[in-house]
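Visitor: The following block contains the structure, expressed as structure tokens.
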Amino acid sequence: MDRARTQVRRRTRTSALTGLVAALGLAVAGLATGGAGTADARDAGAAGSQGSGVAQTRAVPKHAVTGYWQNFNNGATVQRLSQVQNQYDIIAVAFADATGQPGQVTFNLDSAGLGGYTVAQFKADIKAKQAAGKSVIISVGGERGTVSVNSPTAAANFANSVYALMREYGFDGVDIDLENGLNATYMTQALRSLSQKAGPGLVLTMAPQTIDMQSPSNAYFRTALNVKDILTVVNMQYYNSGSMLGCDGKVYSQGSVDFLTALACVQLENGLAPSQVGIGTPASPRGAGSGYVSPTVVKNALDCLARGTNCGSFKPSRTYPGIRGAMTWSTNWDALNGNAWSNAVGPHVHALP
């Protein structure tokens, strides 16, 4: 997810065959054992931690649509938060900024780039969205993000600074979109600390790249499993990706129903609950360097996972009717494309069983 360029680009993986033998073994092992993805560890906003808290206990819908809102102008439609389309249940504000302190983040509203949008208006719009039943969270990272949590000090700084932003702006939680490396030990520590501060209403989402979720041994996947009891949803980015292994051990290329379903299956059969898995795709061809699929492909993939219908050549051995939903980059690119993504995917997600 790019801060400044028209095309959102990440490290393009031209091939994922190299170095994925171990991932294949773990994925297949997950299938053999039946996996652990049947228990819903955190549905409808409930978490196991307690705290003095600012996070509200407003429920995230059983099936939810997540959209990133751009705090910058890169050629997509400039929006105020109040203009974000109604189909989005979780709005991730992109992005928090690193400070000079390890792990610490802050937020700087791009008032000039957003046509004079003021902090007071922004805060009021957050409250209005929440009054309408939406969750508004702060996203940390992005393609150019430099936040690093790799020590006890950095973990404490991260938790304290995110909590401070929640108190200042009214954010419901945080999205982890670190695309330049993640330390599972200290990010887990940071998120546990934040949960204790924020309370059971904390909304915690993640947006790993495809390579990050090929195996439970990967740092991102380990982190998600470490905080499973407080995790809302992992919306993996199914774009700007090379070929990846599905849970059946076969290699799939981006841009198809099979790519979406077979890679989701890896997560579903290796520890994440269905309610903690979402499908992330670009809202328009201009929203990513590669990997755009039509809303119909997204809908078919959700049907395949939830109902066992509209699958491609890959069909999961079982269905996951509790699958959380879908995510897109971004609400702004969606608006520029006539809201085609949210108008098609949103109602479909909300109608899942």
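If you're wondering about the labels, chains in the structure tokens are A, B, ... by order shown, residues count from 1 in each chain, ligands from 1 in order shown.
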Env of Asn300 (chain A): 12 Å cut, atoms = only C-alpha atoms, seq-sep filter 4 positions within chain, self excluded. Answer as an NGL selection string.

Guide: :A and (256-261 or 279 or 293-296 or 304-312 or 315 or 326 or 344-345 or 348-349 or 352)

Visitor: Which residues come within 6 Å of Ala96 (chain A), counting only C-alpha atoms, excluding same-chain residues fewer than 6 positions away, as a list in words?

Guide: Thr106, Phe107 and Val140 of chain A

Visitor: Got time to write the residues from that selection, N, CA, C and O atoms, as a PDB file, in the first residue's frame?

Guide:
ATOM      1  N   THR A 106       3.158   8.054  15.404  1.00  0.00           N
ATOM      2  CA  THR A 106       2.301   9.218  15.563  1.00  0.00           C
ATOM      3  C   THR A 106       1.407   9.289  14.339  1.00  0.00           C
ATOM      4  O   THR A 106       1.511   8.450  13.428  1.00  0.00           O
ATOM      5  N   PHE A 107       0.530  10.271  14.302  1.00  0.00           N
ATOM      6  CA  PHE A 107      -0.334  10.442  13.135  1.00  0.00           C
ATOM      7  C   PHE A 107      -0.384  11.909  12.764  1.00  0.00           C
ATOM      8  O   PHE A 107      -0.580  12.780  13.620  1.00  0.00           O
ATOM      9  N   VAL A 140      -0.594   0.841  10.617  1.00  0.00           N
ATOM     10  CA  VAL A 140       0.834   1.093  10.813  1.00  0.00           C
ATOM     11  C   VAL A 140       1.617   0.344   9.754  1.00  0.00           C
ATOM     12  O   VAL A 140       1.507  -0.880   9.637  1.00  0.00           O
TER      13      VAL A 140
END

Visitor: When you draw a straight line from CA of Asp97 (chain A) to CA of Met187 (chain A), how long is it in Å?

Guide: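 These two atoms are separated by 16.8 Å.
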
Visitor: Tell me which protein, DNA and RNA residues are within 9 Å of Tyr238 (chain A), counting only C-alpha atoms, leaving out same-chain ones fewer than 4 positions away, and put them as a PyMOL selection string.

Guide: chain A and resi 209-210+254-255+259-260+263+279-282+291-292

Visitor: Would you output that residue set with N, CA and C atoms, as a JSON list (two decimals), in the first residue's frame?

Guide:
[["chain", "number", "residue", "atom", "x", "y", "z"],
["A", 209, "GLN", "N", 1.65, -9.68, 3.36],
["A", 209, "GLN", "CA", 1.79, -10.06, 1.96],
["A", 209, "GLN", "C", 1.66, -11.58, 1.85],
["A", 210, "THR", "N", 1.46, -12.08, 0.64],
["A", 210, "THR", "CA", 1.23, -13.51, 0.47],
["A", 210, "THR", "C", 2.40, -14.34, 1.00],
["A", 254, "GLN", "N", -1.34, -15.44, -9.21],
["A", 254, "GLN", "CA", -2.33, -14.44, -8.82],
["A", 254, "GLN", "C", -3.28, -14.13, -9.96],
["A", 255, "GLY", "N", -4.46, -13.66, -9.59],
["A", 255, "GLY", "CA", -5.43, -13.24, -10.60],
["A", 255, "GLY", "C", -6.55, -14.22, -10.85],
["A", 259, "PHE", "N", -6.23, -18.86, -6.79],
["A", 259, "PHE", "CA", -5.19, -18.19, -6.01],
["A", 259, "PHE", "C", -5.77, -17.70, -4.69],
["A", 260, "LEU", "N", -6.96, -17.15, -4.73],
["A", 260, "LEU", "CA", -7.59, -16.63, -3.51],
["A", 260, "LEU", "C", -7.98, -17.75, -2.56],
["A", 263, "LEU", "N", -4.84, -20.17, -1.21],
["A", 263, "LEU", "CA", -3.97, -19.51, -0.24],
["A", 263, "LEU", "C", -4.71, -19.20, 1.05],
["A", 279, "ILE", "N", -10.13, -11.74, 2.51],
["A", 279, "ILE", "CA", -9.47, -11.71, 1.19],
["A", 279, "ILE", "C", -9.23, -10.25, 0.79],
["A", 280, "GLY", "N", -7.96, -9.88, 0.61],
["A", 280, "GLY", "CA", -7.62, -8.50, 0.26],
["A", 280, "GLY", "C", -7.26, -8.37, -1.21],
["A", 281, "THR", "N", -7.98, -7.51, -1.93],
["A", 281, "THR", "CA", -7.71, -7.28, -3.35],
["A", 281, "THR", "C", -7.79, -5.79, -3.67],
["A", 282, "PRO", "N", -7.17, -5.35, -4.77],
["A", 282, "PRO", "CA", -7.25, -3.93, -5.16],
["A", 282, "PRO", "C", -8.67, -3.57, -5.60],
["A", 291, "GLY", "N", -2.15, -8.05, -9.96],
["A", 291, "GLY", "CA", -3.03, -8.86, -9.13],
["A", 291, "GLY", "C", -4.46, -8.39, -9.03],
["A", 292, "TYR", "N", -4.84, -7.36, -9.78],
["A", 292, "TYR", "CA", -6.25, -6.94, -9.74],
["A", 292, "TYR", "C", -7.12, -8.06, -10.28]]

Visitor: Please report, as CSV, each residue of region 248-317 of chain A lying at most 10 Å from region 215-231 of chain A, together with the nearest pair of atoms and the separation in Å rounded to one decimal; use only C-alpha atoms, and order rows by chain and ascending residue number.

Guide:
residue,atom,partner,partner_atom,distance
A:Val266,CA,A:Ser215,CA,7.6
A:Gln267,CA,A:Ser215,CA,8.3
A:Asn270,CA,A:Pro216,CA,6.8
A:Gly271,CA,A:Leu225,CA,6.7
A:Leu272,CA,A:Leu225,CA,6.8
A:Ala273,CA,A:Lys228,CA,8.4
A:Ser275,CA,A:Leu231,CA,9.6
A:Gln276,CA,A:Leu231,CA,7.0

Visitor: If you run DSSP over the backbone, which residues in region 59-297 of chain A end up strand (DSSP E or B)? Put them as a PyMOL selection string.

Guide: chain A and resi 64-70+90-98+105-106+135-142+173-178+203-206+209+233-237+244-245+251-252+277-282

Visitor: Keeping N, CA and C atoms, export the residues of the selection given above as a short mmCIF file (atom, residue, chain, number, x, y, z; two decimals), in the first residue's frame.

Guide:
data_model
loop_
_atom_site.label_atom_id
_atom_site.label_comp_id
_atom_site.auth_asym_id
_atom_site.auth_seq_id
_atom_site.Cartn_x
_atom_site.Cartn_y
_atom_site.Cartn_z
N ALA A 64 -17.49 -9.01 7.49
CA ALA A 64 -17.13 -7.59 7.44
C ALA A 64 -16.30 -7.25 6.21
N VAL A 65 -16.45 -5.99 5.78
CA VAL A 65 -15.68 -5.44 4.68
C VAL A 65 -14.73 -4.39 5.24
N THR A 66 -13.46 -4.54 4.93
CA THR A 66 -12.43 -3.61 5.38
C THR A 66 -11.93 -2.79 4.20
N GLY A 67 -11.76 -1.49 4.40
CA GLY A 67 -11.22 -0.62 3.36
C GLY A 67 -10.19 0.32 3.95
N TYR A 68 -9.11 0.53 3.22
CA TYR A 68 -8.09 1.49 3.63
C TYR A 68 -8.44 2.86 3.10
N TRP A 69 -8.35 3.85 3.98
CA TRP A 69 -8.61 5.24 3.61
C TRP A 69 -7.27 5.96 3.54
N GLN A 70 -7.02 6.64 2.42
CA GLN A 70 -5.72 7.25 2.17
C GLN A 70 -5.62 8.64 2.76
N ILE A 90 -15.01 -1.81 8.53
CA ILE A 90 -13.77 -1.44 9.19
C ILE A 90 -13.01 -0.51 8.26
N ILE A 91 -12.71 0.68 8.75
CA ILE A 91 -11.98 1.67 7.95
C ILE A 91 -10.60 1.84 8.56
N ALA A 92 -9.58 1.49 7.79
CA ALA A 92 -8.20 1.57 8.26
C ALA A 92 -7.57 2.85 7.72
N VAL A 93 -7.22 3.75 8.62
CA VAL A 93 -6.62 5.03 8.24
C VAL A 93 -5.15 4.81 7.93
N ALA A 94 -4.75 5.11 6.70
CA ALA A 94 -3.39 4.83 6.25
C ALA A 94 -2.60 6.12 6.02
N PHE A 95 -1.57 6.32 6.80
CA PHE A 95 -0.93 5.45 7.77
C PHE A 95 -0.45 6.28 8.95
N ALA A 96 -0.11 5.57 10.05
CA ALA A 96 0.63 6.20 11.13
C ALA A 96 2.06 6.44 10.67
N ASP A 97 2.74 7.36 11.31
CA ASP A 97 4.12 7.69 10.95
C ASP A 97 5.08 7.30 12.06
N ALA A 98 6.28 6.88 11.67
CA ALA A 98 7.32 6.60 12.65
C ALA A 98 7.86 7.91 13.22
N VAL A 105 4.96 5.51 17.21
CA VAL A 105 4.26 6.03 16.05
C VAL A 105 3.46 7.28 16.43
N THR A 106 3.16 8.05 15.40
CA THR A 106 2.30 9.22 15.56
C THR A 106 1.41 9.29 14.34
N SER A 135 -16.14 0.61 12.51
CA SER A 135 -14.91 0.69 13.30
C SER A 135 -13.87 1.46 12.50
N VAL A 136 -13.18 2.38 13.14
CA VAL A 136 -12.12 3.16 12.49
C VAL A 136 -10.82 2.88 13.23
N ILE A 137 -9.83 2.37 12.51
CA ILE A 137 -8.58 1.98 13.13
C ILE A 137 -7.41 2.68 12.45
N ILE A 138 -6.27 2.71 13.12
CA ILE A 138 -5.08 3.33 12.56
C ILE A 138 -4.18 2.24 12.00
N SER A 139 -3.76 2.37 10.76
CA SER A 139 -2.89 1.38 10.13
C SER A 139 -1.43 1.81 10.28
N VAL A 140 -0.59 0.84 10.62
CA VAL A 140 0.83 1.09 10.81
C VAL A 140 1.62 0.34 9.75
N GLY A 141 2.38 1.07 8.98
CA GLY A 141 3.24 0.43 7.99
C GLY A 141 3.04 0.97 6.60
N GLY A 142 2.61 0.08 5.68
CA GLY A 142 2.55 0.44 4.28
C GLY A 142 3.87 0.16 3.60
N GLY A 173 -8.81 0.73 17.18
CA GLY A 173 -7.75 -0.26 17.23
C GLY A 173 -6.66 0.03 16.23
N VAL A 174 -5.98 -1.03 15.82
CA VAL A 174 -4.79 -0.87 14.98
C VAL A 174 -4.74 -1.96 13.92
N ASP A 175 -4.17 -1.60 12.79
CA ASP A 175 -3.91 -2.53 11.70
C ASP A 175 -2.41 -2.65 11.53
N ILE A 176 -1.90 -3.88 11.44
CA ILE A 176 -0.48 -4.11 11.27
C ILE A 176 -0.22 -4.42 9.80
N ASP A 177 0.43 -3.48 9.12
CA ASP A 177 0.72 -3.60 7.69
C ASP A 177 2.21 -3.37 7.46
N LEU A 178 3.03 -4.04 8.26
CA LEU A 178 4.48 -3.88 8.17
C LEU A 178 5.01 -4.76 7.04
N VAL A 203 -10.02 -3.52 18.18
CA VAL A 203 -10.10 -4.12 16.85
C VAL A 203 -8.67 -4.25 16.33
N LEU A 204 -8.23 -5.47 16.10
CA LEU A 204 -6.86 -5.76 15.67
C LEU A 204 -6.89 -6.48 14.34
N THR A 205 -6.34 -5.84 13.32
CA THR A 205 -6.30 -6.44 11.99
C THR A 205 -4.85 -6.48 11.50
N MET A 206 -4.62 -7.32 10.51
CA MET A 206 -3.30 -7.44 9.89
C MET A 206 -3.46 -7.53 8.39
N GLN A 209 1.65 -9.68 3.36
CA GLN A 209 1.79 -10.06 1.96
C GLN A 209 1.66 -11.58 1.85
N VAL A 233 -9.09 -9.90 12.40
CA VAL A 233 -9.02 -10.50 11.07
C VAL A 233 -7.65 -10.25 10.44
N VAL A 234 -7.20 -11.23 9.66
CA VAL A 234 -6.02 -11.09 8.82
C VAL A 234 -6.51 -10.96 7.39
N ASN A 235 -6.30 -9.79 6.79
CA ASN A 235 -6.69 -9.55 5.40
C ASN A 235 -5.43 -9.60 4.53
N MET A 236 -5.07 -10.79 4.11
CA MET A 236 -3.85 -10.92 3.31
C MET A 236 -4.00 -10.20 1.98
N GLN A 237 -2.88 -9.63 1.51
CA GLN A 237 -2.87 -8.91 0.25
C GLN A 237 -2.61 -9.88 -0.90
N MET A 244 2.42 -18.65 -5.60
CA MET A 244 2.49 -19.14 -4.24
C MET A 244 1.88 -20.54 -4.14
N LEU A 245 2.23 -21.22 -3.05
CA LEU A 245 1.69 -22.55 -2.81
C LEU A 245 0.33 -22.48 -2.13
N VAL A 251 1.14 -25.02 -7.00
CA VAL A 251 1.52 -23.62 -7.18
C VAL A 251 0.42 -22.90 -7.94
N TYR A 252 0.02 -21.73 -7.42
CA TYR A 252 -1.03 -20.93 -8.05
C TYR A 252 -0.52 -19.53 -8.34
N VAL A 277 -10.07 -14.65 8.87
CA VAL A 277 -9.49 -14.69 7.53
C VAL A 277 -10.33 -13.85 6.57
N GLY A 278 -9.66 -12.91 5.89
CA GLY A 278 -10.31 -12.07 4.89
C GLY A 278 -9.49 -12.05 3.61
N ILE A 279 -10.13 -11.74 2.51
CA ILE A 279 -9.47 -11.71 1.19
C ILE A 279 -9.23 -10.25 0.79
N GLY A 280 -7.96 -9.88 0.61
CA GLY A 280 -7.62 -8.50 0.26
C GLY A 280 -7.26 -8.37 -1.21
N THR A 281 -7.98 -7.51 -1.93
CA THR A 281 -7.71 -7.28 -3.35
C THR A 281 -7.79 -5.79 -3.67
N PRO A 282 -7.17 -5.35 -4.77
CA PRO A 282 -7.25 -3.93 -5.16
C PRO A 282 -8.67 -3.57 -5.60
#

Visitor: Measure the distance from CA of Ser317 (chain A) to CA of Pro61 (chain A) in Å and round it to one decimal.

Guide: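 Computing the Euclidean distance for CA of Ser317 (chain A) and CA of Pro61 (chain A) yields 26.1 Å.
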
Visitor: Mind pulling up the distance from CA of Phe314 (chain A) to CA of Lys250 (chain A)?

Guide: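 Taking CA of Lys250 (chain A) as the start and CA of Phe314 (chain A) as the end point, the length is 9.5 Å.
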
Visitor: Go through A:Gln214, A:Asn160, A:Asn332, A:Ser253 and flag the residue nearest Ser195 (chain A), using only C-alpha atoms for the distances.

Guide: A:Asn160

Visitor: When distances are computed from only C-alpha atoms, which of A:Asn339, A:Thr77, A:Gln87, A:Asn157 shows the smallest separation from Gly103 (chain A)?

Guide: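 Distance minimum relative to Gly103 (chain A) lands on A:Asn157.
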